[in-house]
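**Student:** Have a peek at final_36.cif (mmCIF, C-alpha atoms).
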data_my_file
#
loop_
_atom_site.label_atom_id
_atom_site.label_comp_id
_atom_site.auth_asym_id
_atom_site.auth_seq_id
_atom_site.Cartn_x
_atom_site.Cartn_y
_atom_site.Cartn_z
CA MET A 712 5.22 -16.00 -7.82
CA GLU A 713 3.80 -13.85 -5.02
CA PRO A 714 1.46 -11.16 -6.40
CA SER A 715 3.08 -7.76 -6.45
CA PHE A 716 0.74 -4.78 -6.66
CA LYS A 717 1.61 -1.21 -7.50
CA ILE A 718 -0.73 1.76 -7.32
CA PHE A 719 -0.13 4.84 -9.47
CA THR A 720 -2.17 7.97 -8.72
CA ASP A 721 -2.63 11.50 -9.96
CA GLY A 722 -4.84 14.45 -9.22
CA GLY A 723 -5.08 17.96 -10.52
CA CYS A 724 -7.14 21.09 -11.05
CA TRP A 725 -7.81 23.72 -13.64
CA GLY A 726 -7.24 26.69 -11.39
CA ASN A 727 -6.73 26.07 -7.71
CA PRO A 728 -9.48 25.93 -6.57
CA GLY A 729 -11.44 24.99 -9.64
CA PRO A 730 -12.68 21.98 -11.60
CA GLY A 731 -10.52 18.98 -10.73
CA GLY A 732 -9.92 15.36 -11.47
CA TRP A 733 -8.25 12.30 -9.98
CA ALA A 734 -7.15 8.93 -11.35
CA TYR A 735 -5.47 5.70 -10.36
CA VAL A 736 -4.08 2.61 -12.01
CA ILE A 737 -3.44 -0.63 -10.09
CA VAL A 738 -0.82 -2.87 -11.67
CA THR A 739 0.31 -6.40 -10.85
CA GLN A 740 3.39 -8.33 -11.92
CA THR A 741 2.64 -11.55 -13.82
CA TYR A 742 4.86 -14.08 -15.53
CA GLN A 743 4.03 -12.30 -18.78
CA GLY A 744 4.95 -8.86 -17.38
CA GLU A 745 3.01 -6.06 -15.78
CA GLN A 746 -0.75 -6.01 -16.17
CA ILE A 747 -3.31 -3.33 -15.26
CA ILE A 748 -5.93 -4.94 -13.03
CA ALA A 749 -7.96 -1.82 -12.19
CA LYS A 750 -8.16 1.82 -13.12
CA ASN A 751 -10.63 4.59 -12.47
CA HIS A 752 -10.99 8.35 -12.48
CA GLY A 753 -13.43 10.98 -11.35
CA ALA A 754 -14.04 14.70 -11.15
CA ASP A 755 -15.20 17.46 -8.85
CA ASN A 756 -16.52 20.81 -10.07
CA ASP A 757 -14.91 22.88 -7.31
CA THR A 758 -11.85 21.50 -5.54
CA THR A 759 -8.08 21.85 -5.09
CA ASN A 760 -5.04 20.01 -6.43
CA ASN A 761 -4.27 18.58 -3.00
CA LYS A 762 -7.80 17.26 -2.48
CA MET A 763 -7.67 15.52 -5.85
CA GLU A 764 -4.23 13.98 -5.12
CA LEU A 765 -5.56 12.61 -1.82
CA THR A 766 -8.81 11.41 -3.39
CA ALA A 767 -6.90 9.44 -6.03
CA VAL A 768 -5.08 7.40 -3.38
CA ILE A 769 -8.22 6.99 -1.26
CA MET A 770 -10.18 5.66 -4.21
CA ALA A 771 -7.37 3.27 -5.19
CA LEU A 772 -7.13 1.86 -1.66
CA ARG A 773 -10.90 1.44 -1.52
CA GLU A 774 -10.70 -0.55 -4.76
CA LEU A 775 -7.82 -2.65 -3.45
CA ASN A 776 -9.67 -3.33 -0.20
CA ALA A 777 -12.57 -4.73 -2.23
CA MET A 778 -10.27 -7.28 -3.91
CA PRO A 779 -10.10 -10.40 -1.72
CA GLU A 780 -7.00 -11.64 -3.57
CA ALA A 781 -5.08 -8.39 -3.15
CA PRO A 782 -1.81 -8.61 -1.25
CA ARG A 783 -1.37 -6.52 1.86
CA GLN A 784 2.05 -5.23 0.75
CA VAL A 785 1.67 -2.57 -1.91
CA THR A 786 3.77 0.24 -3.33
CA VAL A 787 2.01 3.55 -3.96
CA TYR A 788 3.58 5.79 -6.62
CA THR A 789 2.52 9.42 -6.53
CA ASP A 790 3.84 12.53 -8.21
CA SER A 791 2.58 14.52 -5.21
CA GLN A 792 5.15 15.26 -2.54
CA TYR A 793 2.21 16.52 -0.45
CA VAL A 794 0.77 12.99 -0.36
CA GLN A 795 4.09 11.14 -0.09
CA LYS A 796 5.53 13.32 2.67
CA GLY A 797 2.17 13.63 4.36
CA MET A 798 1.91 9.85 4.77
CA THR A 799 5.56 9.15 5.58
CA GLU A 800 6.52 12.17 7.68
CA TRP A 801 3.87 14.70 8.65
CA ILE A 802 0.87 12.56 9.62
CA HIS A 803 2.56 11.14 12.73
CA THR A 804 3.07 14.63 14.16
CA TRP A 805 -0.41 15.78 13.12
CA LYS A 806 -2.01 12.91 14.99
CA ARG A 807 0.16 13.49 18.09
CA LYS A 808 -0.81 17.18 18.04
CA SER A 809 -4.57 16.56 17.58
CA TRP A 810 -4.47 17.33 13.85
CA LYS A 811 -2.67 20.64 14.22
CA THR A 812 0.29 21.79 12.17
CA SER A 813 3.59 22.99 13.60
CA ASP A 814 2.17 26.54 13.76
CA LYS A 815 -0.87 25.20 15.67
CA THR A 816 -3.36 25.69 12.83
CA PRO A 817 -5.76 22.92 11.80
CA VAL A 818 -4.43 20.51 9.17
CA LYS A 819 -5.97 21.27 5.79
CA ASN A 820 -8.00 18.42 4.28
CA ARG A 821 -8.12 16.68 7.65
CA GLU A 822 -11.12 14.50 6.72
CA LEU A 823 -9.30 13.19 3.66
CA TRP A 824 -6.08 12.59 5.61
CA MET A 825 -8.02 10.71 8.28
CA GLU A 826 -9.75 8.51 5.70
CA LEU A 827 -6.47 7.84 3.92
CA ASP A 828 -4.79 6.96 7.22
CA SER A 829 -7.61 4.55 8.08
CA LEU A 830 -7.49 2.83 4.68
CA ALA A 831 -3.69 2.68 4.76
CA SER A 832 -3.80 0.86 8.10
CA ASP A 833 -5.20 -2.20 6.28
CA PHE A 834 -1.98 -2.51 4.24
CA TRP A 835 1.77 -2.37 4.50
CA LEU A 836 2.39 0.51 2.10
CA LYS A 837 5.60 1.76 0.62
CA TRP A 838 5.21 5.36 -0.54
CA GLU A 839 7.28 6.38 -3.57
CA TRP A 840 7.40 9.85 -5.09
CA ILE A 841 7.90 9.87 -8.86
CA LYS A 842 8.46 12.86 -11.08
CA GLY A 843 5.32 13.72 -13.04
CA HIS A 844 5.41 14.08 -16.83
CA ALA A 845 8.71 12.20 -16.94
CA GLY A 846 7.75 9.23 -19.09
CA ASN A 847 6.55 6.75 -16.45
CA LYS A 848 3.95 4.72 -18.38
CA TYR A 849 1.41 4.41 -15.58
CA ASN A 850 1.84 7.97 -14.30
CA GLU A 851 1.19 9.16 -17.85
CA ILE A 852 -1.99 7.05 -18.03
CA CYS A 853 -3.13 8.56 -14.72
CA ASP A 854 -2.33 12.05 -15.95
CA ALA A 855 -4.35 11.53 -19.15
CA MET A 856 -7.34 10.21 -17.17
CA THR A 857 -7.05 13.14 -14.72
CA GLN A 858 -7.00 15.66 -17.57
CA ASP A 859 -10.05 13.96 -19.10
CA ALA A 860 -11.87 14.20 -15.77
CA ILE A 861 -10.94 17.89 -15.38
CA ASN A 862 -12.22 18.66 -18.87
CA ARG A 863 -15.53 16.95 -18.08
CA ALA A 864 -15.82 18.95 -14.83
CA LYS A 865 -15.32 22.35 -16.50
#
Since I need it in another form, could you write the structure as structure tokens?
**Tutor:**
Amino acid sequence: MEPSFKIFTDGGCWGNPGPGGWAYVIVTQTYQGEQIIAKNHGADNDTTNNKMELTAVIMALRELNAMPEAPRQVTVYTDSQYVQKGMTEWIHTWKRKSWKTSDKTPVKNRELWMELDSLASDFWLKWEWIKGHAGNKYNEICDAMTQDAINRAK
């Protein structure tokens, strides 16, 4: 069986901006079923929801890059349409327009987008948006870790 990896991510804030947290869970499919192979979370005392959503994916891809056995084809599940649409639709235009939006203003969180784009280039990623707080086991784990990180950052 070829290893199949899935990344689940979440990020959030208490206030926006305010204390925030991020989390990820990396899951693989085994003969016995799905198994968590890595998870982590962190906090920032003064941040935004979008920064935390981006940080969650960045940190997960850094972790995956450090795993020599990790496959190059991975599905990323995020409850952030900002991240999902950013990586599948908007980023191509931003790069063509020197990191400017359609109204010619600088892209917010450019440094994070650039890092995410660089990390993503090491993989063949499928980006899937999932509804948050809708019973997805791994999204719920990420949400709980994110909330824990936010509470520690307050």
**Student:** Restrict the calculation to all atoms listed in the file, then for each residue of region 790-830 of chain A with any atom at most 12 Å from an atom of region 717-738 of chain A give the closest atom pair and their distance in Å to one decimal, rows by chain and rising residue number, as JSON lines.
**Tutor:**
{"residue": "A:Asp790", "atom": "CA", "partner": "A:Asp721", "partner_atom": "CA", "distance": 6.8}
{"residue": "A:Ser791", "atom": "CA", "partner": "A:Asp721", "partner_atom": "CA", "distance": 7.7}
{"residue": "A:Gln792", "atom": "CA", "partner": "A:Asp721", "partner_atom": "CA", "distance": 11.4}
{"residue": "A:Tyr793", "atom": "CA", "partner": "A:Gly722", "partner_atom": "CA", "distance": 11.4}
{"residue": "A:Val794", "atom": "CA", "partner": "A:Thr720", "partner_atom": "CA", "distance": 10.2}
{"residue": "A:Gln795", "atom": "CA", "partner": "A:Thr720", "partner_atom": "CA", "distance": 11.1}
**Student:** Decode the PyMOL selection byres ((chain A and resi 774) around 12) for the given file into explicit residues and return them as a list in words.
**Tutor:**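 Written out, the selection comes to Ile718, Tyr735, Val736, Ile737, Ile748, Ala749, Lys750, Asn751, His752, Ala767, Val768, Ile769, Met770, Ala771, Leu772, Arg773, Leu775, Asn776, Ala777, Met778, Pro779, Glu780, Ala781 and Leu830 of chain A.
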**Student:** To one decimal place, how far is CA of His844 (chain A) from CA of Ser829 (chain A) in Å?
**Tutor:**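 Distance between the two atoms: 29.7 Å.
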**Student:** Quick one, how far is CA of Thr759 (chain A) from CA of Arg863 (chain A)?
**Tutor:** 15.8 Å
**Student:** For the provided coordinates, the residues matched by the PyMOL selection byres ((chain A and resi 740-745) around 6) should be stated as an MDAnalysis selection string.
**Tutor:** chainID A and resid 715 739 746
**Student:** What is the distance, in Å and to one decimal place, between CA of Thr786 (chain A) and CA of Asp828 (chain A)?
**Tutor:** 15.2 Å
**Student:** Do you know which residues the PyMOL selection byres ((chain A and resi 799-814) around 10) returns on this file, as a short mmCIF file (atom, residue, chain, number, x, y, z; two decimals) with C-alpha atoms, keeping the file's coordinate frame?
**Tutor:**
data_model
loop_
_atom_site.label_atom_id
_atom_site.label_comp_id
_atom_site.auth_asym_id
_atom_site.auth_seq_id
_atom_site.Cartn_x
_atom_site.Cartn_y
_atom_site.Cartn_z
CA TYR A 793 2.21 16.52 -0.45
CA VAL A 794 0.77 12.99 -0.36
CA GLN A 795 4.09 11.14 -0.09
CA LYS A 796 5.53 13.32 2.67
CA GLY A 797 2.17 13.63 4.36
CA MET A 798 1.91 9.85 4.77
CA LYS A 815 -0.87 25.20 15.67
CA THR A 816 -3.36 25.69 12.83
CA PRO A 817 -5.76 22.92 11.80
CA VAL A 818 -4.43 20.51 9.17
CA LYS A 819 -5.97 21.27 5.79
CA ARG A 821 -8.12 16.68 7.65
CA TRP A 824 -6.08 12.59 5.61
CA MET A 825 -8.02 10.71 8.28
CA ASP A 828 -4.79 6.96 7.22
CA LEU A 836 2.39 0.51 2.10
CA LYS A 837 5.60 1.76 0.62
CA TRP A 838 5.21 5.36 -0.54
CA GLU A 839 7.28 6.38 -3.57
#
**Student:** Pick from A:Ser832, A:Asn820, A:Gln784, A:Thr789: nearest to Glu851 (chain A), with all atoms listed in the file counted?
**Tutor:**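 Closest residue, counting all atoms listed in the file: A:Thr789.
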**Student:** Place a sphere of radius 7 Å on (-17.2, 18.9, -11.5) in the file coordinates and name every protein, DNA or RNA residue with an atom inside or on its surface, counting all atoms listed in the file; give the answer as a list of chain:residue names.
**Tutor:**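 The distance filter leaves exactly A:Pro730, A:Gly731, A:Ala754, A:Asp755, A:Asn756, A:Asp757, A:Ala864, A:Lys865.
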**Student:** Please define a box with edges along x, y and z of the file around all atoms of region 858-863 of chain A given in the file, extend it by 4 Å on each side, and return its centre and edge lengths in Å to one decimal, as AutoDock Vina command-line options.
**Tutor:**
--center_x -11.3 --center_y 16.3 --center_z -17.2 --size_x 16.5 --size_y 12.7 --size_z 11.7
**Student:** Taking only C-alpha atoms into account, name the residue in A:Thr766, A:Met856, A:Asn850, A:Val785 that is nearest to Leu827 (chain A).
**Tutor:** A:Thr766
**Student:** For Phe834 (chain A), which residue out of A:Thr758, A:Arg783, A:Phe716, A:Gly753 is the nearest one, using all atoms listed in the file?
**Tutor:**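 Of all the options, A:Arg783 lies closest to Phe834 (chain A).
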**Student:** How would region 747-766 of chain A read, as a CSV table (one decimal), in the frame of the given file, once N, CA, C and O atoms are built in?
**Tutor:**
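The resulting file, out.csv, is shown below:
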chain,number,residue,atom,x,y,z
A,747,ILE,N,-2.4,-4.2,-16.0
A,747,ILE,CA,-3.3,-3.3,-15.3
A,747,ILE,C,-4.5,-4.2,-14.8
A,747,ILE,O,-5.1,-4.9,-15.6
A,748,ILE,N,-4.8,-4.2,-13.5
A,748,ILE,CA,-5.9,-4.9,-13.0
A,748,ILE,C,-7.1,-4.0,-12.7
A,748,ILE,O,-8.2,-4.5,-12.5
A,749,ALA,N,-6.9,-2.8,-12.5
A,749,ALA,CA,-8.0,-1.8,-12.2
A,749,ALA,C,-7.5,-0.4,-12.5
A,749,ALA,O,-6.3,-0.1,-12.3
A,750,LYS,N,-8.4,0.4,-12.9
A,750,LYS,CA,-8.2,1.8,-13.1
A,750,LYS,C,-9.5,2.6,-13.0
A,750,LYS,O,-10.5,2.0,-13.3
A,751,ASN,N,-9.4,3.8,-12.6
A,751,ASN,CA,-10.6,4.6,-12.5
A,751,ASN,C,-10.2,6.1,-12.4
A,751,ASN,O,-9.1,6.4,-12.1
A,752,HIS,N,-11.2,6.9,-12.6
A,752,HIS,CA,-11.0,8.4,-12.5
A,752,HIS,C,-12.3,9.0,-12.2
A,752,HIS,O,-13.4,8.4,-12.4
A,753,GLY,N,-12.2,10.2,-11.7
A,753,GLY,CA,-13.4,11.0,-11.4
A,753,GLY,C,-13.1,12.5,-11.3
A,753,GLY,O,-12.0,12.9,-11.5
A,754,ALA,N,-14.2,13.2,-11.1
A,754,ALA,CA,-14.0,14.7,-11.2
A,754,ALA,C,-14.8,15.4,-10.0
A,754,ALA,O,-15.7,14.8,-9.4
A,755,ASP,N,-14.5,16.6,-9.8
A,755,ASP,CA,-15.2,17.5,-8.8
A,755,ASP,C,-15.2,18.8,-9.5
A,755,ASP,O,-14.2,19.3,-10.0
A,756,ASN,N,-16.4,19.5,-9.4
A,756,ASN,CA,-16.5,20.8,-10.1
A,756,ASN,C,-15.8,21.9,-9.4
A,756,ASN,O,-15.4,22.9,-10.0
A,757,ASP,N,-15.5,21.8,-8.1
A,757,ASP,CA,-14.9,22.9,-7.3
A,757,ASP,C,-14.0,22.3,-6.2
A,757,ASP,O,-14.5,21.9,-5.2
A,758,THR,N,-12.7,22.2,-6.5
A,758,THR,CA,-11.8,21.5,-5.5
A,758,THR,C,-10.4,22.1,-5.6
A,758,THR,O,-10.3,23.1,-6.2
A,759,THR,N,-9.5,21.4,-5.0
A,759,THR,CA,-8.1,21.8,-5.1
A,759,THR,C,-7.2,20.7,-5.6
A,759,THR,O,-7.6,19.5,-5.5
A,760,ASN,N,-6.0,21.0,-6.0
A,760,ASN,CA,-5.0,20.0,-6.4
A,760,ASN,C,-4.8,19.0,-5.3
A,760,ASN,O,-4.8,17.8,-5.6
A,761,ASN,N,-4.6,19.5,-4.1
A,761,ASN,CA,-4.3,18.6,-3.0
A,761,ASN,C,-5.4,17.6,-2.7
A,761,ASN,O,-5.2,16.4,-2.4
A,762,LYS,N,-6.7,18.1,-2.7
A,762,LYS,CA,-7.8,17.3,-2.5
A,762,LYS,C,-7.9,16.2,-3.5
A,762,LYS,O,-8.2,15.0,-3.2
A,763,MET,N,-7.6,16.5,-4.8
A,763,MET,CA,-7.7,15.5,-5.8
A,763,MET,C,-6.5,14.5,-5.7
A,763,MET,O,-6.7,13.3,-6.0
A,764,GLU,N,-5.3,14.9,-5.3
A,764,GLU,CA,-4.2,14.0,-5.1
A,764,GLU,C,-4.6,13.0,-4.0
A,764,GLU,O,-4.4,11.8,-4.1
A,765,LEU,N,-5.2,13.5,-2.9
A,765,LEU,CA,-5.6,12.6,-1.8
A,765,LEU,C,-6.7,11.7,-2.2
A,765,LEU,O,-6.7,10.5,-1.9
A,766,THR,N,-7.7,12.2,-2.9
A,766,THR,CA,-8.8,11.4,-3.4
A,766,THR,C,-8.4,10.3,-4.3
A,766,THR,O,-8.9,9.1,-4.2
